[in-house]
file input.cif (mmCIF, C-alpha atoms and all ligand atoms)
data_input
#
loop_
_atom_site.label_atom_id
_atom_site.label_comp_id
_atom_site.auth_asym_id
_atom_site.auth_seq_id
_atom_site.Cartn_x
_atom_site.Cartn_y
_atom_site.Cartn_z
CA MET K 272 -13.03 25.13 -6.88
CA THR K 273 -12.85 21.37 -7.47
CA ILE K 274 -9.94 18.96 -7.65
CA ASN K 275 -10.54 16.34 -10.33
CA VAL K 276 -9.11 12.87 -9.75
CA ALA K 277 -8.44 10.23 -12.40
CA LEU K 278 -8.81 6.84 -10.74
CA LEU K 279 -6.97 3.92 -12.37
CA GLY K 280 -8.49 0.64 -11.16
CA LEU K 281 -11.81 -0.05 -9.44
CA GLY K 282 -11.05 -3.28 -7.57
CA THR K 283 -10.67 -3.57 -3.79
CA VAL K 284 -8.50 -0.46 -3.41
CA GLY K 285 -10.02 1.63 -6.22
CA GLN K 286 -13.54 1.05 -4.88
CA GLY K 287 -12.31 1.99 -1.38
CA VAL K 288 -10.88 5.26 -2.72
CA TYR K 289 -14.04 6.02 -4.71
CA GLU K 290 -16.27 5.47 -1.67
CA THR K 291 -13.98 7.45 0.64
CA VAL K 292 -13.98 10.45 -1.68
CA ILE K 293 -17.80 10.43 -1.51
CA SER K 294 -18.15 9.67 2.21
CA HIS K 295 -15.41 12.10 3.35
CA GLN K 296 -16.17 15.18 1.19
CA GLU K 297 -16.58 17.32 4.30
CA GLU K 298 -13.25 16.28 5.84
CA LEU K 299 -11.53 16.67 2.47
CA TYR K 300 -12.94 20.16 2.06
CA LYS K 301 -11.82 21.13 5.53
CA ALA K 302 -8.34 19.75 4.88
CA ILE K 303 -7.69 21.23 1.43
CA GLY K 304 -10.35 23.86 0.87
CA GLU K 305 -11.62 22.27 -2.34
CA ALA K 306 -14.33 19.85 -3.35
CA VAL K 307 -13.00 16.58 -4.78
CA ARG K 308 -14.52 14.75 -7.77
CA ILE K 309 -13.69 11.62 -9.71
CA PRO K 310 -14.82 12.30 -13.29
CA VAL K 311 -13.08 9.31 -14.91
CA ILE K 312 -12.17 5.74 -13.90
CA LEU K 313 -10.00 3.30 -15.85
CA ILE K 314 -10.90 -0.40 -15.67
CA LYS K 315 -10.01 -3.52 -17.68
CA ASP K 316 -13.26 -5.43 -18.03
CA SER K 317 -16.12 -3.33 -19.40
CA CYS K 318 -18.65 -6.15 -18.72
CA LYS K 319 -18.43 -6.01 -14.89
CA ASN K 320 -21.16 -4.30 -12.89
CA ARG K 321 -19.82 -1.23 -11.07
CA LYS K 322 -21.03 0.34 -7.83
CA ILE K 323 -20.67 3.96 -8.90
CA ASN K 324 -22.89 6.99 -9.35
CA GLY K 325 -23.81 8.58 -12.68
CA GLY K 326 -21.68 11.33 -14.20
CA VAL K 327 -18.46 9.30 -14.13
CA GLU K 328 -16.87 8.11 -17.37
CA VAL K 329 -15.72 4.50 -16.95
CA THR K 330 -13.30 3.57 -19.69
CA THR K 331 -10.86 0.84 -20.72
CA ASP K 332 -8.78 3.34 -22.72
CA PHE K 333 -6.08 5.27 -20.84
CA ASN K 334 -5.93 7.91 -23.59
CA GLU K 335 -9.52 8.85 -22.70
CA VAL K 336 -8.44 9.43 -19.08
CA LEU K 337 -5.97 12.18 -19.94
CA LYS K 338 -8.55 13.93 -22.16
CA HIS K 339 -10.32 14.91 -18.92
CA PRO K 340 -9.02 18.05 -17.18
CA VAL K 341 -7.71 16.07 -14.18
CA ASP K 342 -5.44 17.40 -11.42
CA VAL K 343 -4.08 14.12 -10.01
CA VAL K 344 -3.91 10.43 -10.89
CA ILE K 345 -4.54 7.70 -8.31
CA GLU K 346 -3.30 4.27 -9.43
CA ALA K 347 -4.78 1.06 -8.02
CA ILE K 348 -4.26 -1.34 -10.93
CA GLY K 349 -1.20 -3.26 -9.72
CA GLY K 350 1.67 -4.97 -11.56
CA CYS K 351 4.36 -3.37 -13.72
CA GLU K 352 2.66 -3.01 -17.07
CA PRO K 353 0.59 -1.19 -18.14
CA ALA K 354 0.77 0.65 -14.78
CA TYR K 355 4.33 1.91 -15.40
CA ASN K 356 3.43 3.29 -18.80
CA TYR K 357 0.32 5.06 -17.44
CA LEU K 358 2.19 6.57 -14.51
CA ARG K 359 5.07 7.72 -16.72
CA LYS K 360 2.64 9.45 -19.10
CA SER K 361 0.79 11.06 -16.18
CA LEU K 362 4.00 12.38 -14.60
CA GLU K 363 5.26 13.60 -17.98
CA SER K 364 1.98 15.56 -18.22
CA LYS K 365 3.02 17.15 -14.88
CA LEU K 366 0.20 15.37 -13.03
CA PRO K 367 0.97 14.26 -9.47
CA VAL K 368 0.54 10.52 -8.98
CA ILE K 369 -0.53 8.57 -5.89
CA THR K 370 0.00 4.82 -6.06
CA ALA K 371 -0.43 1.69 -3.91
CA ASN K 372 1.67 -0.42 -6.29
CA LYS K 373 4.59 -1.94 -4.32
CA GLU K 374 5.80 -4.24 -7.10
CA LEU K 375 6.15 -1.30 -9.48
CA LEU K 376 7.80 0.91 -6.84
CA ALA K 377 10.30 -1.79 -5.80
CA LYS K 378 11.26 -2.35 -9.44
CA LYS K 379 10.93 1.13 -10.95
CA GLY K 380 10.44 3.53 -8.04
CA LYS K 381 13.66 5.48 -8.65
CA GLU K 382 12.91 5.84 -12.34
CA LEU K 383 9.40 7.14 -11.63
CA LYS K 384 10.69 9.52 -8.94
CA LYS K 385 13.19 10.96 -11.45
CA ILE K 386 10.44 11.46 -14.04
CA ALA K 387 8.38 13.22 -11.35
CA ASP K 388 11.32 15.47 -10.39
CA ASP K 389 12.17 16.22 -14.04
CA HIS K 390 8.58 17.38 -14.57
CA GLN K 391 8.29 19.28 -11.26
CA THR K 392 5.54 17.05 -10.01
CA GLN K 393 5.10 14.49 -7.20
CA LEU K 394 4.95 10.75 -6.69
CA ALA K 395 3.27 9.66 -3.42
CA PHE K 396 3.12 6.03 -2.28
CA GLU K 397 2.34 5.66 1.44
CA ALA K 398 -0.29 2.98 0.63
CA SER K 399 2.32 0.73 -0.96
CA VAL K 400 3.78 -0.34 2.42
CA ALA K 401 1.82 -1.68 5.41
CA GLY K 402 -1.65 -0.48 4.36
CA SER K 403 -3.00 2.12 6.77
CA ILE K 404 0.21 2.55 8.81
CA PRO K 405 1.98 5.86 8.01
CA ILE K 406 5.41 4.25 8.16
CA LEU K 407 6.88 5.93 5.07
CA HIS K 408 5.88 9.37 6.33
CA MET K 409 7.39 8.55 9.71
CA ILE K 410 10.70 7.55 8.13
CA LYS K 411 10.81 10.32 5.52
CA ASP K 412 9.26 13.29 7.31
CA TYR K 413 9.74 12.61 10.99
CA LEU K 414 12.93 10.61 11.64
CA LYS K 415 15.30 13.13 10.09
CA VAL K 416 17.99 13.14 12.79
CA ASN K 417 17.59 9.70 14.36
CA ARG K 418 19.92 7.08 12.91
CA ILE K 419 17.79 4.10 11.94
CA GLN K 420 19.61 0.93 13.01
CA ARG K 421 17.13 -1.78 12.15
CA VAL K 422 13.63 -2.35 10.86
CA GLU K 423 11.64 -5.48 11.70
CA ALA K 424 8.13 -5.82 10.42
CA ILE K 425 5.07 -7.82 9.54
CA LEU K 426 4.33 -6.40 6.09
CA ASN K 427 1.91 -8.83 4.48
CA GLY K 428 -1.65 -8.82 5.76
CA THR K 429 -2.65 -11.95 3.84
CA SER K 430 0.17 -14.06 5.34
CA ASN K 431 -0.48 -12.81 8.86
CA PHE K 432 -4.20 -13.45 8.41
CA ILE K 433 -3.54 -17.00 7.17
CA LEU K 434 -1.11 -17.81 10.01
CA THR K 435 -3.56 -16.41 12.58
CA THR K 436 -6.61 -18.28 11.29
CA MET K 437 -4.62 -21.53 10.89
CA ARG K 438 -3.69 -21.23 14.57
CA GLU K 439 -6.90 -19.86 16.08
CA LYS K 440 -9.49 -21.76 14.02
CA ILE K 441 -7.31 -24.81 13.25
CA GLN K 442 -8.28 -24.01 9.65
CA SER K 443 -6.33 -25.26 6.60
CA PHE K 444 -3.94 -23.05 4.62
CA GLU K 445 -6.24 -23.28 1.57
CA GLN K 446 -9.38 -22.28 3.52
CA SER K 447 -7.53 -19.38 5.16
CA LEU K 448 -6.17 -18.14 1.83
CA ALA K 449 -9.64 -18.34 0.25
CA GLU K 450 -10.99 -16.20 3.13
CA ALA K 451 -8.18 -13.64 2.67
CA GLN K 452 -9.04 -13.46 -1.05
CA ARG K 453 -12.75 -13.03 -0.33
CA LEU K 454 -11.96 -10.16 2.07
CA GLY K 455 -9.87 -8.41 -0.62
CA TYR K 456 -6.54 -8.75 1.22
CA ALA K 457 -4.68 -10.94 -1.27
CA GLU K 458 -2.98 -9.77 -4.46
CA ALA K 459 -4.54 -10.56 -7.86
CA ASP K 460 -1.94 -13.35 -7.95
CA PRO K 461 -1.87 -14.55 -4.30
CA SER K 462 1.45 -16.34 -4.81
CA ASN K 463 2.95 -12.84 -4.39
CA ASP K 464 1.64 -12.92 -0.82
CA VAL K 465 2.31 -16.50 0.21
CA LEU K 466 5.76 -16.77 -1.41
CA GLY K 467 6.95 -13.62 0.36
CA TRP K 468 7.27 -11.40 -2.75
CA ASP K 469 4.82 -8.78 -1.51
CA ALA K 470 6.69 -8.34 1.81
CA PHE K 471 9.98 -8.40 -0.14
CA TYR K 472 8.84 -5.51 -2.43
CA LYS K 473 7.72 -3.50 0.60
CA THR K 474 11.08 -4.10 2.29
CA MET K 475 12.86 -2.82 -0.85
CA ILE K 476 10.73 0.36 -0.80
CA ILE K 477 11.69 0.96 2.84
CA SER K 478 15.34 0.33 1.94
CA ASP K 479 15.17 2.93 -0.86
CA LEU K 480 13.72 5.40 1.61
CA ILE K 481 16.22 4.84 4.42
CA TYR K 482 19.43 4.09 2.50
CA ASN K 483 18.58 5.53 -0.93
CA GLU K 484 19.41 2.11 -2.36
CA GLN K 485 18.35 -1.52 -2.22
CA PRO K 486 20.42 -4.59 -1.40
CA ASP K 487 21.31 -6.91 -4.27
CA TRP K 488 18.08 -8.91 -4.64
CA ASN K 489 20.11 -12.13 -4.99
CA ASP K 490 21.52 -11.62 -1.48
CA VAL K 491 18.10 -11.27 0.18
CA VAL K 492 16.61 -14.33 1.87
CA ARG K 493 12.99 -14.47 0.69
CA LYS K 494 10.76 -17.22 1.99
CA GLY K 495 6.99 -17.20 2.21
CA ILE K 496 4.51 -19.03 4.40
CA ASP K 497 3.68 -21.67 1.78
CA GLN K 498 5.82 -24.29 3.54
CA VAL K 499 4.49 -23.55 7.04
CA THR K 500 2.34 -26.45 8.23
CA GLN K 501 -0.34 -26.70 10.88
CA GLU K 502 2.15 -28.88 12.80
CA ASP K 503 4.76 -26.07 12.73
CA ILE K 504 2.19 -23.62 14.09
CA LEU K 505 1.00 -25.94 16.84
CA ALA K 506 4.56 -26.91 17.82
CA ALA K 507 5.40 -23.22 18.19
CA GLU K 508 2.25 -22.71 20.27
CA GLU K 509 3.27 -25.51 22.64
CA SER K 510 6.41 -23.46 23.39
CA LYS K 511 4.22 -20.33 23.76
CA GLU K 512 5.68 -19.01 20.48
CA LYS K 513 4.01 -17.87 17.26
CA VAL K 514 5.07 -18.24 13.64
CA LYS K 515 5.14 -14.85 11.86
CA LEU K 516 6.40 -13.75 8.45
CA ILE K 517 9.10 -11.30 9.50
CA ALA K 518 10.81 -8.78 7.22
CA ALA K 519 14.12 -7.40 8.52
CA LEU K 520 16.36 -4.63 7.20
CA SER K 521 19.62 -3.19 8.52
CA ARG K 522 23.09 -2.09 7.41
CA SER K 523 26.02 -4.17 8.62
CA SER K 524 29.23 -2.68 10.01
CA ASN K 525 30.88 -3.07 6.58
CA GLY K 526 28.17 -0.92 4.98
CA GLN K 527 26.26 -3.75 3.29
CA ILE K 528 22.47 -3.54 3.40
CA GLU K 529 21.07 -6.79 4.79
CA ALA K 530 17.46 -7.78 4.26
CA SER K 531 15.35 -10.89 4.72
CA VAL K 532 11.74 -12.02 4.59
CA GLU K 533 11.03 -15.37 6.25
CA PRO K 534 8.68 -17.15 8.65
CA LEU K 535 10.18 -17.14 12.15
CA ARG K 536 9.09 -18.32 15.60
CA ILE K 537 8.84 -15.38 17.98
CA LYS K 538 8.39 -15.27 21.74
CA PRO K 539 5.67 -13.44 23.74
CA ASP K 540 8.04 -10.59 24.65
CA HIS K 541 8.65 -9.75 20.97
CA PRO K 542 6.80 -6.53 19.94
CA LEU K 543 5.35 -8.27 16.86
CA TYR K 544 3.99 -11.28 18.82
CA ALA K 545 0.57 -9.71 19.44
CA ILE K 546 0.01 -8.63 15.82
CA GLU K 547 -2.83 -10.79 14.54
CA GLY K 548 -5.08 -11.21 11.51
CA VAL K 549 -4.74 -8.70 8.69
CA ASN K 550 -2.77 -6.31 10.90
CA ASN K 551 0.78 -5.27 10.05
CA ALA K 552 3.35 -3.72 12.36
CA VAL K 553 6.68 -2.04 11.85
CA ARG K 554 9.35 -1.83 14.54
CA VAL K 555 11.99 0.83 13.89
CA LYS K 556 15.07 0.82 16.12
CA THR K 557 16.93 4.11 16.21
CA ASP K 558 19.81 5.54 18.23
CA LEU K 559 17.72 8.28 19.89
CA ALA K 560 14.07 7.20 19.96
CA GLU K 561 15.17 3.59 20.62
CA ASP K 562 12.27 1.27 19.82
CA LEU K 563 9.26 2.57 17.88
CA VAL K 564 6.39 0.25 16.89
CA LEU K 565 3.51 1.24 14.64
CA SER K 566 0.65 -1.17 13.93
CA GLY K 567 -2.66 -1.23 12.08
CA PRO K 568 -4.54 -2.94 9.25
CA GLY K 569 -2.11 -3.84 6.47
CA ALA K 570 -4.63 -4.56 3.71
CA GLY K 571 -8.26 -4.06 2.75
CA ALA K 572 -10.30 -1.44 0.94
CA LEU K 573 -10.70 1.33 3.51
CA PRO K 574 -7.36 1.03 5.37
CA THR K 575 -5.57 1.30 2.02
CA ALA K 576 -7.84 4.12 0.90
CA SER K 577 -6.92 5.86 4.16
CA ALA K 578 -3.23 5.97 3.21
CA ILE K 579 -4.08 7.11 -0.33
CA ILE K 580 -6.43 9.87 0.79
CA GLU K 581 -3.92 11.17 3.37
CA ASP K 582 -1.28 11.29 0.61
CA PHE K 583 -3.83 13.21 -1.47
CA VAL K 584 -4.34 15.74 1.33
CA ALA K 585 -0.57 16.12 1.79
CA LEU K 586 -0.29 16.97 -1.92
CA PHE K 587 -3.12 19.49 -2.00
CA LYS K 588 -3.27 21.00 1.51
CA ASN K 589 -1.20 23.99 0.48
CA ASN K 590 -4.03 25.01 -1.86
CA LYS K 591 -6.13 25.62 1.24
CA SER K 592 -7.60 29.10 1.25
CA ILE K 593 -10.67 28.74 3.49
CA LYS K 594 -11.43 28.60 7.17
CA ASN K 595 -12.15 25.27 8.86
CA ASN K 596 -15.74 26.11 9.71
CA ASP K 597 -16.75 27.10 6.15
CA PRO K 598 -19.61 24.88 4.92
CA VAL K 599 -18.82 22.25 2.28
CA PRO K 600 -20.16 23.52 -1.08
CA LEU K 601 -22.97 21.41 -2.52
CA GLY K 602 -22.53 19.70 -5.84
CA GLY K 603 -19.06 18.21 -5.35
CA TYR K 604 -20.85 15.00 -6.19
N1 LIG T 701 -5.95 -5.19 -1.74
C1 LIG T 701 -5.26 -4.57 -0.79
O1 LIG T 701 -5.58 -4.67 0.41
C2 LIG T 701 -4.09 -3.73 -1.15
C3 LIG T 701 -3.64 -3.60 -2.43
N2 LIG T 701 -2.58 -2.79 -2.72
C4 LIG T 701 -2.16 -2.60 -4.10
O2 LIG T 701 -3.18 -1.87 -4.77
C5 LIG T 701 -3.23 -2.23 -6.14
C6 LIG T 701 -4.63 -2.72 -6.48
O3 LIG T 701 -4.94 -3.82 -5.66
P1 LIG T 701 -6.43 -4.39 -5.57
O4 LIG T 701 -7.42 -3.30 -5.55
O5 LIG T 701 -6.42 -5.37 -4.46
O6 LIG T 701 -6.53 -5.18 -6.95
P2 LIG T 701 -7.84 -5.71 -7.69
O7 LIG T 701 -7.41 -6.87 -8.49
O8 LIG T 701 -8.95 -5.87 -6.73
O9 LIG T 701 -8.23 -4.49 -8.66
C7 LIG T 701 -7.45 -4.12 -9.75
C8 LIG T 701 -8.22 -3.11 -10.58
O10 LIG T 701 -7.37 -2.69 -11.64
C9 LIG T 701 -8.04 -2.90 -12.88
N3 LIG T 701 -7.06 -3.31 -13.88
C10 LIG T 701 -6.25 -4.40 -13.84
N4 LIG T 701 -5.49 -4.44 -14.96
C11 LIG T 701 -5.83 -3.37 -15.68
C12 LIG T 701 -5.41 -2.86 -16.94
N5 LIG T 701 -4.50 -3.50 -17.68
N6 LIG T 701 -5.98 -1.72 -17.40
C13 LIG T 701 -6.92 -1.09 -16.67
N7 LIG T 701 -7.37 -1.52 -15.48
C14 LIG T 701 -6.82 -2.64 -15.00
C15 LIG T 701 -9.06 -3.99 -12.65
O11 LIG T 701 -10.09 -3.83 -13.60
P3 LIG T 701 -11.43 -4.71 -13.62
O12 LIG T 701 -12.22 -4.22 -12.45
O13 LIG T 701 -12.04 -4.38 -14.91
O14 LIG T 701 -10.99 -6.14 -13.47
C16 LIG T 701 -9.48 -3.67 -11.21
O15 LIG T 701 -10.49 -2.69 -11.21
C17 LIG T 701 -2.12 -3.29 -6.31
O16 LIG T 701 -0.93 -2.64 -6.68
C18 LIG T 701 -1.99 -3.86 -4.91
O17 LIG T 701 -0.72 -4.43 -4.69
C19 LIG T 701 -1.93 -2.07 -1.75
C20 LIG T 701 -2.32 -2.15 -0.46
C21 LIG T 701 -3.41 -3.02 -0.03
N1 LIG T 702 -1.77 -8.37 -0.53
C1 LIG T 702 -1.26 -7.37 0.36
C2 LIG T 702 -2.15 -6.16 0.27
C3 LIG T 702 -1.55 -4.96 0.89
O1 LIG T 702 -0.47 -4.53 0.60
C4 LIG T 702 -1.25 -7.87 1.78
O2 LIG T 702 -1.90 -8.89 2.05
O3 LIG T 702 -0.56 -7.27 2.61
#
call {"tool": "encode", "arguments": {"input": "input.cif", "output": "structure tokens", "more": "lines below"}}
Ligand SMILES: NC(=O)C1=CN([C@@H]2O[C@H](COP(=O)(O)OP(=O)(O)OC[C@H]3O[C@@H](n4cnc5c(N)ncnc54)[C@H](OP(=O)(O)O)[C@@H]3O)[C@@H](O)[C@H]2O)C=CC1
Ligand SMILES: N[C@@H](CC=O)C(=O)O
result
Amino acid sequence: MTINVALLGLGTVGQGVYETVISHQEELYKAIGEAVRIPVILIKDSCKNRKINGGVEVTTDFNEVLKHPVDVVIEAIGGCEPAYNYLRKSLESKLPVITANKELLAKKGKELKKIADDHQTQLAFEASVAGSIPILHMIKDYLKVNRIQRVEAILNGTSNFILTTMREKIQSFEQSLAEAQRLGYAEADPSNDVLGWDAFYKTMIISDLIYNEQPDWNDVVRKGIDQVTQEDILAAEESKEKVKLIAALSRSSNGQIEASVEPLRIKPDHPLYAIEGVNNAVRVKTDLAEDLVLSGPGAGALPTASAIIEDFVALFKNNKSIKNNDPVPLGGY
């Protein structure tokens, strides 16, 4: 048997997913007992050269996508529209959806989840927060009894990369941003990264997961790294501190959810001090486990594909009907 995937978007993340599905056929087969194929890919610009094999329909028309007998939709387009419309139609067709789209989830996550529930299908979105780090699974599937008291995190790989290279290479903000864009870390509109919106959206997704609601967006401090100067970074370094874009989330004693995203100076004994480059880290303080810290690459093609493909396996692993040492059938690709 084969599971057919419709892939929406073939940019940094989409290409990472496409390549992972080819390079990890054996692991996928062992995990879910099926071969995995991508018969159709949605893109925007039909003139671009694509690094894909034959036998895949590449289309600019979403209606063509759903004409294929697909089993799951993976979305890596970004932004609210047309992504929302495509995901709504997919879920209404009872297709499970896996997405990396934090802006859409922060703005319309509850609505999409309800559509998924109403149509007895699933919406998976581990890749939308902190790239490769399985933080949403840890909160949702593991910390069921612990009371989460506070989350503190570095959630934007581009900003952390820029702050690190400005400090280590004494490189300008503009040069560092250009490098982050070249490496595929930055959003299509990088102002989302440097103005703090990307970390803000991720914080709202975590809030939905922990508290089942978000704070009033007008009450959230949101500052990016655009105003951080080389002088600020060097002054912090002279005091053995580092400037980091820190997202924080907690509930106050009066029940209000409090959230912020802002550049802060942190000391060497802070668990996020050592997090450099494109890496993200999430510190979760709970009443029982106390202080948990997860870290790893927060952006980039393969780290993001990792989160998407693990979501994929979580969706389909119950289909598994073979033994682990069965050979992978030829012809999946
Ligand atoms: N880059 C990263 O490290 C990470 C990104 N994400 C999220 O993943 C998503 C994709 O990001 P990324 O891969 O970097 O983005 P890119 O800009 O690299 O790729 C976007 C892809 O979507 C396609 N696309 C854009 N608009 C449309 C449209 N209207 N119709 C059809 N296709 C469209 C583009 O087509 P074409 O190729 O024709 O231009 C392109 O293939 C975003 O939600 C982003 O926030 C999440 C985690 C990490
Ligand atoms: N632009 C984002 C990509 C991953 O979410 C980032 O830099 O963190």
call {"tool": "closest_atom_pairs", "arguments": {"input": "input.cif", "of": "chain K", "to": "ligand LIG 702 (chain T)", "cutoff": "6 Å", "atoms": "only C-alpha atoms and all ligand atoms", "output": "CSV"}}
result
residue,atom,partner,partner_atom,distance
K:Gly402,CA,T:LIG702,O1,5.7
K:Asn427,CA,T:LIG702,O3,3.5
K:Gly428,CA,T:LIG702,O3,3.7
K:Thr429,CA,T:LIG702,O2,3.6
K:Tyr456,CA,T:LIG702,O2,4.7
K:Ala457,CA,T:LIG702,N1,4.0
K:Glu458,CA,T:LIG702,N1,4.3
K:Asp464,CA,T:LIG702,N1,5.7
K:Gly569,CA,T:LIG702,O3,5.4
K:Ala570,CA,T:LIG702,C3,4.2
call {"tool": "axis_aligned_box", "arguments": {"input": "input.cif", "around": "ligand LIG 701 (chain T)", "padding_each_side": "4 Å", "output": "lines of an AutoDock Vina configuration file"}}
result
center_x = -6.5
center_y = -4.0
center_z = -8.6
size_x = 19.5
size_y = 13.8
size_z = 26.1
call {"tool": "residues_near_ligand", "arguments": {"input": "input.cif", "ligand": "ligand LIG 701 (chain T)", "cutoff": "8 Å", "atoms": "only C-alpha atoms and all ligand atoms", "output": "number ranges by chain"}}
result
K: 279-286, 313-319, 331-333, 346-350, 352-354, 370-375, 398-402, 428, 455-459, 469, 569-572, 574-575
call {"tool": "atom_distance", "arguments": {"input": "input.cif", "atom1": "CA of Ile293 in chain K", "atom2": "CA of Lys360 in chain K"}}
result
27.0 Å
call {"tool": "atom_distance", "arguments": {"input": "input.cif", "atom1": "CA of Ile477 in chain K", "atom2": "CA of Ser531 in chain K"}}
result
12.5 Å
call {"tool": "closest_atom_pairs", "arguments": {"input": "input.cif", "of": "range 402-495 of chain K", "to": "range 525-528 of chain K", "cutoff": "10 Å", "atoms": "all atoms listed in the file", "output": "CSV"}}
result
residue,atom,partner,partner_atom,distance
K:Ser478,CA,K:Ile528,CA,8.2
K:Tyr482,CA,K:Ile528,CA,8.3
K:Glu484,CA,K:Ile528,CA,8.6
K:Gln485,CA,K:Ile528,CA,7.3
K:Pro486,CA,K:Ile528,CA,5.3
K:Asp487,CA,K:Ile528,CA,8.5
K:Asp490,CA,K:Ile528,CA,9.5
K:Val491,CA,K:Ile528,CA,9.4
call {"tool": "write_last_selection", "arguments": {"input": "input.cif", "atoms": "C-alpha atoms", "output": "compact mmCIF listing (two decimals), keeping the file's coordinate frame"}}
result
# COMPACT_ATOMS: atom_id res chain seq x y z
CA SER K 478 15.34 0.33 1.94
CA TYR K 482 19.43 4.09 2.50
CA GLU K 484 19.41 2.11 -2.36
CA GLN K 485 18.35 -1.52 -2.22
CA PRO K 486 20.42 -4.59 -1.40
CA ASP K 487 21.31 -6.91 -4.27
CA ASP K 490 21.52 -11.62 -1.48
CA VAL K 491 18.10 -11.27 0.18
call {"tool": "closest_residue", "arguments": {"input": "input.cif", "among": "K:Leu362, K:Val327, K:Ile425, K:Met272", "to": "Lys385 in chain K", "atoms": "only C-alpha atoms"}}
result
K:Leu362
call {"tool": "decode", "arguments": {"input": "input.cif", "residues": "range 545-580 of chain K", "atoms": "C-alpha atoms", "output": "CSV table (one decimal), in the first residue's frame"}}
result
chain,number,residue,atom,x,y,z
K,545,ALA,CA,24.2,29.3,25.4
K,546,ILE,CA,21.7,29.1,22.5
K,547,GLU,CA,23.4,30.4,19.4
K,548,GLY,CA,22.9,30.8,15.7
K,549,VAL,CA,19.7,29.4,14.2
K,550,ASN,CA,19.0,27.3,17.3
K,551,ASN,CA,15.9,27.8,19.4
K,552,ALA,CA,15.2,26.7,22.9
K,553,VAL,CA,12.2,26.4,25.1
K,554,ARG,CA,12.3,26.4,28.9
K,555,VAL,CA,9.2,25.1,30.6
K,556,LYS,CA,8.8,25.6,34.3
K,557,THR,CA,6.4,23.2,36.0
K,558,ASP,CA,5.4,22.4,39.5
K,559,LEU,CA,6.7,18.7,39.4
K,560,ALA,CA,9.4,18.5,36.7
K,561,GLU,CA,10.7,21.9,37.7
K,562,ASP,CA,12.8,23.3,34.9
K,563,LEU,CA,12.8,21.6,31.5
K,564,VAL,CA,14.8,23.0,28.5
K,565,LEU,CA,14.6,21.7,25.0
K,566,SER,CA,16.9,23.1,22.3
K,567,GLY,CA,17.6,22.5,18.6
K,568,PRO,CA,17.6,24.1,15.2
K,569,GLY,CA,14.6,26.5,14.9
K,570,ALA,CA,14.5,27.0,11.2
K,571,GLY,CA,15.9,25.5,7.9
K,572,ALA,CA,14.8,23.0,5.4
K,573,LEU,CA,15.6,19.6,7.1
K,574,PRO,CA,15.0,20.6,10.7
K,575,THR,CA,11.5,21.8,9.8
K,576,ALA,CA,10.9,18.8,7.5
K,577,SER,CA,11.9,16.7,10.6
K,578,ALA,CA,9.0,18.1,12.6
K,579,ILE,CA,6.6,17.6,9.6
K,580,ILE,CA,7.6,14.1,8.9
